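Single-structure report; data block below.
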Amino acid sequence: MKIDRQINAQWIATVNESNDLLKDHSLIIHQGQILDILPTKDTDKYQASAITQAPTHLITPGFINAHTHASMSLLRGLADDLPLMTWLTEHIWPAEQQWVNEEFVTDGSRLAIAEMLLGGTTCFNDMYFFPEVTAQVAQDMGIRANIGLIVIDFPSAWAKDADDYIKKGQQLHQQLIDTPLINCCWAPHAPYSVSNQPLKQIHQLANSMDIPIHIHLHETQDEVEQGLKQHNNRPIERLDQLKLLNHRLLAVHMTQLNEHEIDKIATQQCHIIHCPESNLKLASGFCPVHQLQEKGINVALGTDGAASNNDLDMIGEMRTTALLGKGVANNASALQADTVLRMATINGAKALGIDQVTGSLEVGKSADILSINLNDIASQPVYHPISQLIYATSRHQVQDVWVAGQQLVKNHQLTEQDEEAIKTKAQQWRDKISST
Ligand SMILES: [Zn+2]
């Protein structure tokens with residue numbers, strides 16, 4: 001049988017239900033999907049148009065960055081070493097007020113997607129202004145994306161008030177409904193920046209449109225205290241009263257949780273998006289990931305935007321997740337390597353409702369794949385490839401990346417993009433922004 005591509009790998013981490021790690025196996029890819037996975041010695045029945053040899057490599061599902069603000073890459077390093085509210089209100093929001101427009105979002109999204117692809121991310125869940133622009137850039141670059149239909153009470157260059165954001169979000173969802181690789185979710189910014197009326201409306205619309213809701217929640221102690229002052233309850237309680245706590249909710253951060261809230265999140269089957277590096281950098285607090293997993297809560301991983309991380313590196317995020325998770329749980333066996341790889345792949349797909357399509361390497365799923373070369377001084381010798389990936393591998397070892405069977409990174413380089421042009425645009429924005 002003629003097929004598009006065969007990848008012969010030393011190891012394949014399938015991230016399937018039984019977490020099979022296969023040795024000397026091949027992935028058979030045809031028409032964008034995984035057609036077969038079998039021992040390389042048994043592949044005679046396939047005649048591949050292209051063969052990728054990965055003799056010292058680990059193949060994994062593409063990473064899913066379940067929370068980011070892609071275009072904020074242009075603000076990377078603009079204001080560091082500050083607490084969240086000072087960072088937001090005195091630096092990020094004024095810069096956004098002045099600079100964010102379609103061109104900013106085009107150039108920022110392109111920079112972010114280039115960085116993500118080179119680091120093995122094949123899908124990202126975004127929240128930002130001009131989401132139609134990010135959607136277009138994602139389509140042009142071939143990456144899978146979940147585009148957040150942002151809602152915030154404040155005016156921006158994109159919309160004037162909550163009603164306007166919601167109206168524009170509905171229109172964009174309609175426009176994107178048949179676009180391959182692109183999905184939408186509602187993205188009310190945070191409990192402190194979106195009032196009850198729009199939140200109620202978003203709840204109803206998410207149900208009728210059958211899409212998730214993506215929100216920053218319990219990011220800091222300040223947020224919880226402000227919620228108590230303004231609404232007389234903690235933000236999670238408020239969202240519960242507004243009926244938002246359910247399987248559609250992707251709650252990002254969740255560093256401030258009591259036992260009662262953890263039980264509620266578990267019972268109501270919300271998903272949690274853990275962003276440890278952003279939480280560490282802004283000193284926001286610690287998400288009790290091990291405890292959440294023990295309750296059966298689905299926890300996925302995100303980098304957050306490059307302005308608060310400051311990179312979009314899922315391999316780095318996995319390492320931080322494992323190390324921090326052990327420290328917070330005071331348990332060296334918490335957050336084991338294969339658990340953390342699941343968080344960066346299939347758990348993200350589950351949160352986004354696309355686990356039938358991507359998130360693991362299984363027959364019938366999309367060929368969203370990366371290969372990591374472990375034949376590097378810093379990764380030798382290899383006893384356990386997945387441990388090696390989490391604890392002793394850098395994103396610069398990502399060699400090849402495919403999304404829906406299309407090769408977007410080959411030999412550590414973007415196949416379809418001019419990396420120099422992307423860097424030049426970033427430097428031009430830096431010159432403009434820093435001159436004010
Ligand atoms: Zn965020």
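Order determines the names: the first chain of the structure tokens is A, the second B, and so forth; residues in each chain are numbered 1 upward, and ligands are numbered 1 upward as they are shown.
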
Where does chain A meet ligand 1 within 9 Å, residue by residue, with the nearest atom pair and distance in Å to one decimal for each, counting only C-alpha atoms and all ligand atoms, listed by chain and rising number, as CSV?
```
residue,atom,partner,partner_atom_place_in_ligand_line,distance
A:His67,CA,ligand 1,1 (Zn),6.5
A:Thr68,CA,ligand 1,1 (Zn),5.9
A:His69,CA,ligand 1,1 (Zn),6.4
A:Asp126,CA,ligand 1,1 (Zn),8.8
A:Met127,CA,ligand 1,1 (Zn),7.5
A:His189,CA,ligand 1,1 (Zn),8.3
A:Ile215,CA,ligand 1,1 (Zn),8.3
A:His216,CA,ligand 1,1 (Zn),6.3
A:Val252,CA,ligand 1,1 (Zn),7.3
A:His253,CA,ligand 1,1 (Zn),8.2
A:Cys275,CA,ligand 1,1 (Zn),8.4
A:Ser278,CA,ligand 1,1 (Zn),8.3
A:Gly302,CA,ligand 1,1 (Zn),8.8
A:Thr303,CA,ligand 1,1 (Zn),8.3
A:Asp304,CA,ligand 1,1 (Zn),4.7
A:Gly305,CA,ligand 1,1 (Zn),6.0
A:Ser308,CA,ligand 1,1 (Zn),8.4
```

TODO: Find the residues around range 413-429 of chain A up to 12 Å (only C-alpha atoms counted), leave out those fewer than 2 positions away in its own chain, and share them as a ChimeraX atom specification.
DONE: /A:71-76,78,95,99-100,103-120,137,140-143,396-402,406-411,431-436

Go ahead and write the selection's residues with N, CA and C atoms as a compact mmCIF listing (two decimals), in the first residue's frame.
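Listing of part.txt after writing:
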```
# COMPACT_ATOMS: atom_id res chain seq x y z
N SER A 71 0.21 36.97 20.96
CA SER A 71 0.83 38.22 20.49
C SER A 71 1.59 38.97 21.57
N MET A 72 1.39 38.61 22.84
CA MET A 72 2.16 39.28 23.89
C MET A 72 3.65 38.95 23.82
N SER A 73 4.02 38.05 22.90
CA SER A 73 5.45 37.80 22.68
C SER A 73 6.20 39.09 22.38
N LEU A 74 5.52 40.05 21.76
CA LEU A 74 6.20 41.32 21.44
C LEU A 74 6.47 42.13 22.70
N LEU A 75 5.86 41.75 23.84
CA LEU A 75 6.11 42.45 25.10
C LEU A 75 7.03 41.65 26.02
N ARG A 76 7.64 40.60 25.47
CA ARG A 76 8.56 39.76 26.26
C ARG A 76 9.70 40.61 26.81
N LEU A 78 9.51 43.32 28.55
CA LEU A 78 9.25 44.76 28.67
C LEU A 78 9.23 45.18 30.15
N ALA A 95 0.79 49.69 27.79
CA ALA A 95 1.47 49.37 26.51
C ALA A 95 0.46 48.82 25.51
N TRP A 99 -0.39 50.30 21.84
CA TRP A 99 0.20 49.63 20.69
C TRP A 99 -0.62 48.53 20.02
N VAL A 100 -1.58 47.96 20.76
CA VAL A 100 -2.22 46.76 20.19
C VAL A 100 -3.18 47.13 19.05
N GLU A 103 -1.79 44.94 13.25
CA GLU A 103 -0.40 44.68 12.85
C GLU A 103 0.40 44.07 14.01
N PHE A 104 0.15 44.61 15.21
CA PHE A 104 0.81 44.09 16.42
C PHE A 104 0.45 42.61 16.60
N VAL A 105 -0.85 42.32 16.46
CA VAL A 105 -1.31 40.94 16.70
C VAL A 105 -0.80 40.00 15.59
N THR A 106 -0.70 40.51 14.38
CA THR A 106 -0.16 39.68 13.29
C THR A 106 1.30 39.32 13.58
N ASP A 107 2.10 40.34 13.88
CA ASP A 107 3.55 40.10 14.08
C ASP A 107 3.82 39.33 15.36
N GLY A 108 3.05 39.64 16.42
CA GLY A 108 3.23 38.94 17.70
C GLY A 108 2.81 37.48 17.59
N SER A 109 1.69 37.23 16.92
CA SER A 109 1.23 35.84 16.78
C SER A 109 2.23 35.04 15.96
N ARG A 110 2.77 35.67 14.92
CA ARG A 110 3.72 34.94 14.07
C ARG A 110 4.99 34.58 14.87
N LEU A 111 5.46 35.53 15.65
CA LEU A 111 6.64 35.27 16.49
C LEU A 111 6.35 34.13 17.48
N ALA A 112 5.19 34.19 18.11
CA ALA A 112 4.84 33.17 19.12
C ALA A 112 4.69 31.80 18.47
N ILE A 113 4.00 31.74 17.33
CA ILE A 113 3.76 30.44 16.69
C ILE A 113 5.08 29.85 16.20
N ALA A 114 5.96 30.70 15.69
CA ALA A 114 7.28 30.21 15.26
C ALA A 114 8.01 29.59 16.45
N GLU A 115 8.00 30.31 17.59
CA GLU A 115 8.67 29.79 18.80
C GLU A 115 8.03 28.48 19.26
N MET A 116 6.70 28.45 19.25
CA MET A 116 6.01 27.24 19.72
C MET A 116 6.31 26.05 18.82
N LEU A 117 6.22 26.25 17.51
CA LEU A 117 6.48 25.12 16.59
C LEU A 117 7.90 24.59 16.77
N LEU A 118 8.87 25.49 16.86
CA LEU A 118 10.27 25.05 17.00
C LEU A 118 10.48 24.28 18.30
N GLY A 119 9.64 24.53 19.30
CA GLY A 119 9.74 23.82 20.58
C GLY A 119 8.81 22.63 20.68
N GLY A 120 8.13 22.27 19.57
CA GLY A 120 7.31 21.04 19.58
C GLY A 120 5.85 21.23 19.91
N VAL A 137 -3.35 34.02 11.23
CA VAL A 137 -1.92 33.71 11.25
C VAL A 137 -1.72 32.21 11.53
N ASP A 140 -2.43 30.38 8.41
CA ASP A 140 -1.36 30.57 7.43
C ASP A 140 -0.13 29.73 7.78
N MET A 141 0.12 29.57 9.08
CA MET A 141 1.34 28.86 9.49
C MET A 141 1.12 27.36 9.67
N GLY A 142 -0.14 26.92 9.65
CA GLY A 142 -0.45 25.49 9.67
C GLY A 142 -0.55 24.86 11.04
N ILE A 143 -0.51 25.67 12.12
CA ILE A 143 -0.61 25.11 13.48
C ILE A 143 -2.08 24.96 13.87
N HIS A 396 15.76 22.77 22.21
CA HIS A 396 16.59 22.83 21.01
C HIS A 396 16.88 21.44 20.44
N GLN A 397 16.49 20.41 21.19
CA GLN A 397 16.63 19.05 20.66
C GLN A 397 15.42 18.60 19.85
N VAL A 398 14.37 19.42 19.81
CA VAL A 398 13.23 19.10 18.94
C VAL A 398 13.71 19.24 17.49
N GLN A 399 13.63 18.14 16.75
CA GLN A 399 14.21 18.14 15.40
C GLN A 399 13.17 18.34 14.31
N ASP A 400 12.07 17.58 14.39
CA ASP A 400 11.02 17.64 13.36
C ASP A 400 9.66 17.74 14.01
N VAL A 401 8.76 18.49 13.36
CA VAL A 401 7.39 18.65 13.88
C VAL A 401 6.40 18.58 12.72
N TRP A 402 5.34 17.82 12.93
CA TRP A 402 4.25 17.74 11.94
C TRP A 402 2.93 18.13 12.60
N GLN A 406 1.47 17.56 8.04
CA GLN A 406 2.30 18.53 7.30
C GLN A 406 3.56 18.85 8.12
N GLN A 407 4.71 18.71 7.50
CA GLN A 407 5.95 18.95 8.24
C GLN A 407 6.23 20.46 8.33
N LEU A 408 6.17 20.99 9.55
CA LEU A 408 6.35 22.44 9.76
C LEU A 408 7.73 22.77 10.31
N VAL A 409 8.40 21.77 10.91
CA VAL A 409 9.79 21.94 11.35
C VAL A 409 10.59 20.76 10.82
N LYS A 410 11.70 21.07 10.17
CA LYS A 410 12.56 20.00 9.66
C LYS A 410 13.99 20.35 10.06
N ASN A 411 14.65 19.43 10.73
CA ASN A 411 16.02 19.67 11.16
C ASN A 411 16.16 20.99 11.92
N ASP A 431 11.93 48.55 19.08
CA ASP A 431 12.42 49.93 18.91
C ASP A 431 11.28 50.93 19.11
N LYS A 432 10.12 50.63 18.52
CA LYS A 432 8.97 51.54 18.65
C LYS A 432 8.51 51.64 20.09
N ILE A 433 8.29 50.46 20.72
CA ILE A 433 7.71 50.42 22.06
C ILE A 433 8.67 51.03 23.09
N SER A 434 9.96 50.76 22.93
CA SER A 434 10.90 51.26 23.97
C SER A 434 11.22 52.73 23.76
N SER A 435 10.83 53.32 22.63
CA SER A 435 11.12 54.74 22.43
C SER A 435 10.09 55.63 23.14
N THR A 436 9.06 55.03 23.73
CA THR A 436 8.03 55.87 24.37
C THR A 436 8.13 55.82 25.90
```

Report as CSV the residues of range 327-381 of chain A within 7 Å of range 31-55 of chain A, each with its shortest atom pair and distance in Å (one decimal), using only C-alpha atoms, ordered by chain and increasing residue number.
```
residue,atom,partner,partner_atom,distance
A:Glu362,CA,A:Ile34,CA,6.7
A:Val363,CA,A:Ile34,CA,5.0
A:Gly364,CA,A:Ile34,CA,5.5
A:Lys365,CA,A:Gln33,CA,5.6
A:Ser366,CA,A:Gln33,CA,4.3
A:Ala367,CA,A:Gln33,CA,4.7
```

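Comparing A:Pro198, A:Lys243, A:Thr393, A:Asn19 by their smallest distance to Ser379 in chain A, the closest is A:Thr393 (using only C-alpha atoms).
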
TODO: Could you give me, as a PyMOL selection string, each residue of range 37-216 of chain A that DSSP assigns to strand (DSSP E or B) when run on this structure's backbone?
DONE: chain A and resi 37-39+47-61+63-68+121-126+144-151+182-188+213-216

Open item on the list: Could you go through range 236-428 of chain A and tell me which residues DSSP, when run on the backbone, assigns to alpha helix (DSSP H), listing them as JSON, numbers by chain?
Closed with: {"A": [236, 237, 238, 239, 240, 241, 259, 260, 261, 262, 263, 264, 265, 266, 267, 276, 277, 278, 279, 280, 281, 289, 290, 291, 292, 293, 294, 314, 315, 316, 317, 318, 319, 320, 321, 322, 323, 324, 325, 326, 327, 328, 329, 337, 338, 339, 340, 341, 342, 343, 346, 347, 348, 349, 350, 351, 352, 385, 386, 387, 388, 389, 390, 391, 419, 420, 421, 422, 423, 424, 425, 426, 427, 428]}

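Of the residues under consideration (A:Ala332, A:Arg395, A:Pro155, A:Leu282), A:Leu282 shows the shortest atom-to-atom contact distance to Ala79 in chain A when counting only C-alpha atoms.
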
Open item on the list: I'd like the contact shell of Ile369 in chain A - 8 Å cut-off, only C-alpha atoms, skipping same-chain residues fewer than 6 positions apart - returned as number ranges by chain.
Closed with: A: 59-62, 122, 361, 401-403

- [ ] With a distance cut-off of 12 Å and only C-alpha atoms, select the neighbouring residues of Trp11 in chain A, excluding the residue or stretch itself and same-chain residues fewer than 5 positions from it, and output the selection as JSON, numbers by chain.
- [x] {"A": [20, 21, 22, 23, 24, 25, 26, 27, 37, 38, 39, 40, 53, 54, 55, 56, 57, 58, 59, 60, 370, 371, 372, 373, 374, 382, 383, 384, 385, 386, 389]}

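Minimum atom-to-atom distances from A:Tyr128, A:Tyr165, A:Trp93, A:Phe154 to Ser193 in chain A were compared using only C-alpha atoms, and the lowest value belongs to A:Phe154.
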
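Closest approach to Asp368 in chain A among A:Thr345, A:Gln256, A:Ser284, A:Gln380 is made by A:Thr345 (distances from only C-alpha atoms).
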
- [ ] Skip range 200-206 of chain A itself and residues of its chain fewer than 5 positions away, then list as a ChimeraX atom specification all residues within 9 Å of it, counting only C-alpha atoms.
- [x] /A:151,166,170,185-188,195,211-213,242-244,248

Output all heavy atoms of each residue in that selection to a file, as a CSV table (one decimal), in the first residue's frame.
```csv
chain,number,residue,atom,x,y,z
A,151,VAL,N,-13.6,38.4,26.2
A,151,VAL,CA,-14.6,39.4,26.7
A,151,VAL,C,-14.0,40.0,27.9
A,151,VAL,O,-13.4,39.3,28.8
A,151,VAL,CB,-15.9,38.7,27.0
A,151,VAL,CG1,-16.9,39.7,27.6
A,151,VAL,CG2,-16.5,37.9,25.9
A,166,ILE,N,-18.8,40.4,22.9
A,166,ILE,CA,-19.6,39.2,22.7
A,166,ILE,C,-20.2,39.1,21.3
A,166,ILE,O,-20.1,38.1,20.6
A,166,ILE,CB,-20.8,39.2,23.7
A,166,ILE,CG1,-20.2,38.9,25.1
A,166,ILE,CG2,-21.8,38.1,23.4
A,166,ILE,CD1,-21.1,38.9,26.3
A,170,GLN,N,-19.3,36.2,18.6
A,170,GLN,CA,-20.2,35.3,17.9
A,170,GLN,C,-20.0,35.3,16.4
A,170,GLN,O,-20.1,34.3,15.8
A,170,GLN,CB,-21.7,35.8,18.2
A,170,GLN,CG,-22.1,35.5,19.6
A,170,GLN,CD,-23.5,36.1,19.8
A,170,GLN,OE1,-23.6,37.3,20.0
A,170,GLN,NE2,-24.5,35.3,19.8
A,185,CYS,N,-13.2,29.1,21.7
A,185,CYS,CA,-13.8,29.0,23.0
A,185,CYS,C,-14.1,30.4,23.5
A,185,CYS,O,-13.4,31.4,23.0
A,185,CYS,CB,-12.9,28.3,24.0
A,185,CYS,SG,-11.3,29.1,24.3
A,186,TRP,N,-15.0,30.6,24.4
A,186,TRP,CA,-15.2,31.9,25.0
A,186,TRP,C,-14.0,32.1,26.0
A,186,TRP,O,-13.5,31.2,26.6
A,186,TRP,CB,-16.5,31.9,25.8
A,186,TRP,CG,-17.7,32.1,24.8
A,186,TRP,CD1,-18.6,31.1,24.4
A,186,TRP,CD2,-18.0,33.3,24.1
A,186,TRP,NE1,-19.4,31.6,23.5
A,186,TRP,CE2,-19.1,33.0,23.2
A,186,TRP,CE3,-17.5,34.6,24.0
A,186,TRP,CZ2,-19.7,33.9,22.4
A,186,TRP,CZ3,-18.1,35.5,23.1
A,186,TRP,CH2,-19.1,35.1,22.3
A,187,ALA,N,-13.6,33.4,26.0
A,187,ALA,CA,-12.5,33.7,26.9
A,187,ALA,C,-12.7,35.0,27.7
A,187,ALA,O,-12.1,36.0,27.5
A,187,ALA,CB,-11.2,33.8,26.0
A,188,PRO,N,-13.7,34.9,28.7
A,188,PRO,CA,-13.8,36.1,29.6
A,188,PRO,C,-12.5,36.2,30.4
A,188,PRO,O,-12.0,35.2,30.9
A,188,PRO,CB,-15.0,35.7,30.5
A,188,PRO,CG,-15.1,34.2,30.4
A,188,PRO,CD,-14.5,33.8,29.0
A,195,SER,N,-18.0,41.5,34.4
A,195,SER,CA,-19.1,41.6,35.4
A,195,SER,C,-20.1,40.5,35.1
A,195,SER,O,-20.0,39.7,34.2
A,195,SER,CB,-19.7,42.9,35.4
A,195,SER,OG,-19.9,43.4,34.1
A,211,ILE,N,-19.1,25.0,23.0
A,211,ILE,CA,-17.7,25.3,23.1
A,211,ILE,C,-17.3,25.6,24.5
A,211,ILE,O,-18.1,25.9,25.4
A,211,ILE,CB,-17.3,26.5,22.2
A,211,ILE,CG1,-18.0,27.8,22.6
A,211,ILE,CG2,-17.5,26.2,20.7
A,211,ILE,CD1,-17.5,29.0,21.8
A,212,PRO,N,-15.9,25.5,24.8
A,212,PRO,CA,-15.5,25.7,26.2
A,212,PRO,C,-15.4,27.2,26.6
A,212,PRO,O,-15.6,28.1,25.8
A,212,PRO,CB,-14.1,25.1,26.2
A,212,PRO,CG,-13.9,24.4,24.9
A,212,PRO,CD,-14.9,25.0,24.0
A,213,ILE,N,-15.2,27.4,27.9
A,213,ILE,CA,-15.0,28.8,28.4
A,213,ILE,C,-13.7,28.8,29.2
A,213,ILE,O,-13.4,27.9,30.0
A,213,ILE,CB,-16.1,29.1,29.5
A,213,ILE,CG1,-17.5,29.1,28.8
A,213,ILE,CG2,-15.8,30.5,30.1
A,213,ILE,CD1,-18.7,29.4,29.7
A,242,LEU,N,-23.2,31.7,39.0
A,242,LEU,CA,-23.5,32.0,37.6
A,242,LEU,C,-23.5,30.8,36.7
A,242,LEU,O,-23.6,30.9,35.5
A,242,LEU,CB,-22.5,33.0,37.1
A,242,LEU,CG,-22.5,34.4,37.8
A,242,LEU,CD1,-21.2,35.2,37.4
A,242,LEU,CD2,-23.7,35.2,37.4
A,243,LYS,N,-23.4,29.6,37.3
A,243,LYS,CA,-23.5,28.3,36.7
A,243,LYS,C,-22.4,28.0,35.7
A,243,LYS,O,-22.5,27.2,34.8
A,243,LYS,CB,-24.8,28.2,35.9
A,243,LYS,CG,-26.1,28.4,36.7
A,243,LYS,CD,-27.3,27.8,35.9
A,243,LYS,CE,-28.6,27.9,36.6
A,243,LYS,NZ,-29.2,29.2,36.7
A,244,LEU,N,-21.2,28.7,36.0
A,244,LEU,CA,-20.1,28.4,35.1
A,244,LEU,C,-19.2,27.3,35.4
A,244,LEU,O,-18.3,26.9,34.7
A,244,LEU,CB,-19.2,29.7,35.0
A,244,LEU,CG,-19.6,30.6,33.8
A,244,LEU,CD1,-20.8,31.5,34.1
A,244,LEU,CD2,-18.4,31.5,33.4
A,248,ARG,N,-17.3,22.5,30.8
A,248,ARG,CA,-16.8,23.4,29.8
A,248,ARG,C,-15.8,24.3,30.3
A,248,ARG,O,-15.1,25.0,29.5
A,248,ARG,CB,-18.0,24.3,29.3
A,248,ARG,CG,-19.0,23.6,28.5
A,248,ARG,CD,-20.0,24.6,27.9
A,248,ARG,NE,-21.1,23.9,27.4
A,248,ARG,CZ,-21.1,23.1,26.4
A,248,ARG,NH1,-20.0,23.0,25.6
A,248,ARG,NH2,-22.2,22.4,26.0
```

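Minimum distance to Ala70 in chain A across A:Ile152, A:Ala378, A:Ile273, A:Thr134 (counting only C-alpha atoms) occurs at A:Thr134.
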
Counting only C-alpha atoms, what is within 12 Å of Ala337 in chain A, bar same-chain residues fewer than 3 positions away, as a short mmCIF file (atom, residue, chain, number, x, y, z; two decimals) with N, CA and C atoms, in the first residue's frame?
```
data_model
loop_
_atom_site.label_atom_id
_atom_site.label_comp_id
_atom_site.auth_asym_id
_atom_site.auth_seq_id
_atom_site.Cartn_x
_atom_site.Cartn_y
_atom_site.Cartn_z
N ALA A 13 6.55 7.45 22.42
CA ALA A 13 5.70 7.60 23.62
C ALA A 13 4.30 7.87 23.10
N VAL A 15 1.37 7.93 24.68
CA VAL A 15 0.44 8.64 25.56
C VAL A 15 -1.00 8.12 25.35
N ASN A 19 -0.44 4.17 28.25
CA ASN A 19 0.86 4.85 28.25
C ASN A 19 1.96 4.00 27.62
N ILE A 315 8.65 22.12 26.94
CA ILE A 315 9.57 21.18 27.59
C ILE A 315 10.03 21.79 28.92
N MET A 318 7.20 21.61 31.40
CA MET A 318 7.03 20.27 31.98
C MET A 318 8.02 20.04 33.11
N ARG A 319 9.26 20.47 32.89
CA ARG A 319 10.29 20.27 33.91
C ARG A 319 9.93 21.04 35.19
N THR A 320 9.52 22.30 34.99
CA THR A 320 9.12 23.10 36.15
C THR A 320 7.93 22.45 36.86
N THR A 321 6.98 21.95 36.07
CA THR A 321 5.79 21.30 36.66
C THR A 321 6.19 20.13 37.55
N ALA A 322 7.09 19.30 37.03
CA ALA A 322 7.50 18.12 37.79
C ALA A 322 8.25 18.54 39.06
N LEU A 323 9.20 19.46 38.93
CA LEU A 323 10.02 19.84 40.08
C LEU A 323 9.20 20.60 41.13
N GLY A 325 5.95 20.64 41.45
CA GLY A 325 4.88 19.78 41.97
C GLY A 325 5.36 18.90 43.11
N LYS A 326 6.57 18.40 42.99
CA LYS A 326 7.15 17.57 44.07
C LYS A 326 7.38 18.43 45.32
N ALA A 332 8.51 13.32 46.63
CA ALA A 332 9.33 13.14 45.42
C ALA A 332 8.67 12.23 44.38
N SER A 333 7.66 11.49 44.79
CA SER A 333 6.97 10.62 43.83
C SER A 333 5.78 11.30 43.17
N ALA A 334 5.48 12.53 43.59
CA ALA A 334 4.37 13.26 42.95
C ALA A 334 4.82 13.71 41.56
N VAL A 340 3.44 14.02 33.74
CA VAL A 340 3.65 15.38 33.27
C VAL A 340 3.55 15.44 31.74
N LEU A 341 4.05 14.41 31.06
CA LEU A 341 3.91 14.38 29.60
C LEU A 341 2.43 14.31 29.21
N ARG A 342 1.63 13.58 29.97
CA ARG A 342 0.19 13.53 29.70
C ARG A 342 -0.43 14.93 29.86
N MET A 343 0.03 15.65 30.89
CA MET A 343 -0.51 17.00 31.11
C MET A 343 -0.25 17.90 29.91
N ALA A 344 0.91 17.72 29.28
CA ALA A 344 1.29 18.60 28.15
C ALA A 344 0.70 18.13 26.82
N HIS A 384 15.64 5.88 30.67
CA HIS A 384 14.18 6.00 30.55
C HIS A 384 13.89 7.23 29.70
N PRO A 385 13.49 7.03 28.44
CA PRO A 385 13.35 8.18 27.53
C PRO A 385 12.40 9.27 28.00
N ILE A 386 11.29 8.88 28.65
CA ILE A 386 10.33 9.94 29.05
C ILE A 386 10.91 10.75 30.23
N SER A 387 11.56 10.07 31.17
CA SER A 387 12.25 10.81 32.24
C SER A 387 13.29 11.75 31.65
N GLN A 388 14.00 11.24 30.64
CA GLN A 388 15.03 12.06 30.02
C GLN A 388 14.42 13.32 29.39
N LEU A 389 13.26 13.13 28.75
CA LEU A 389 12.58 14.27 28.13
C LEU A 389 12.24 15.32 29.19
N ILE A 390 11.70 14.88 30.31
CA ILE A 390 11.24 15.85 31.32
C ILE A 390 12.41 16.48 32.07
N TYR A 391 13.42 15.68 32.42
CA TYR A 391 14.45 16.19 33.35
C TYR A 391 15.77 16.58 32.71
N ALA A 392 16.02 16.16 31.45
CA ALA A 392 17.37 16.41 30.91
C ALA A 392 17.36 16.65 29.40
#
```

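Note that the spacing between CA of Thr267 in chain A and CA of Glu237 in chain A amounts to 14.1 Å.
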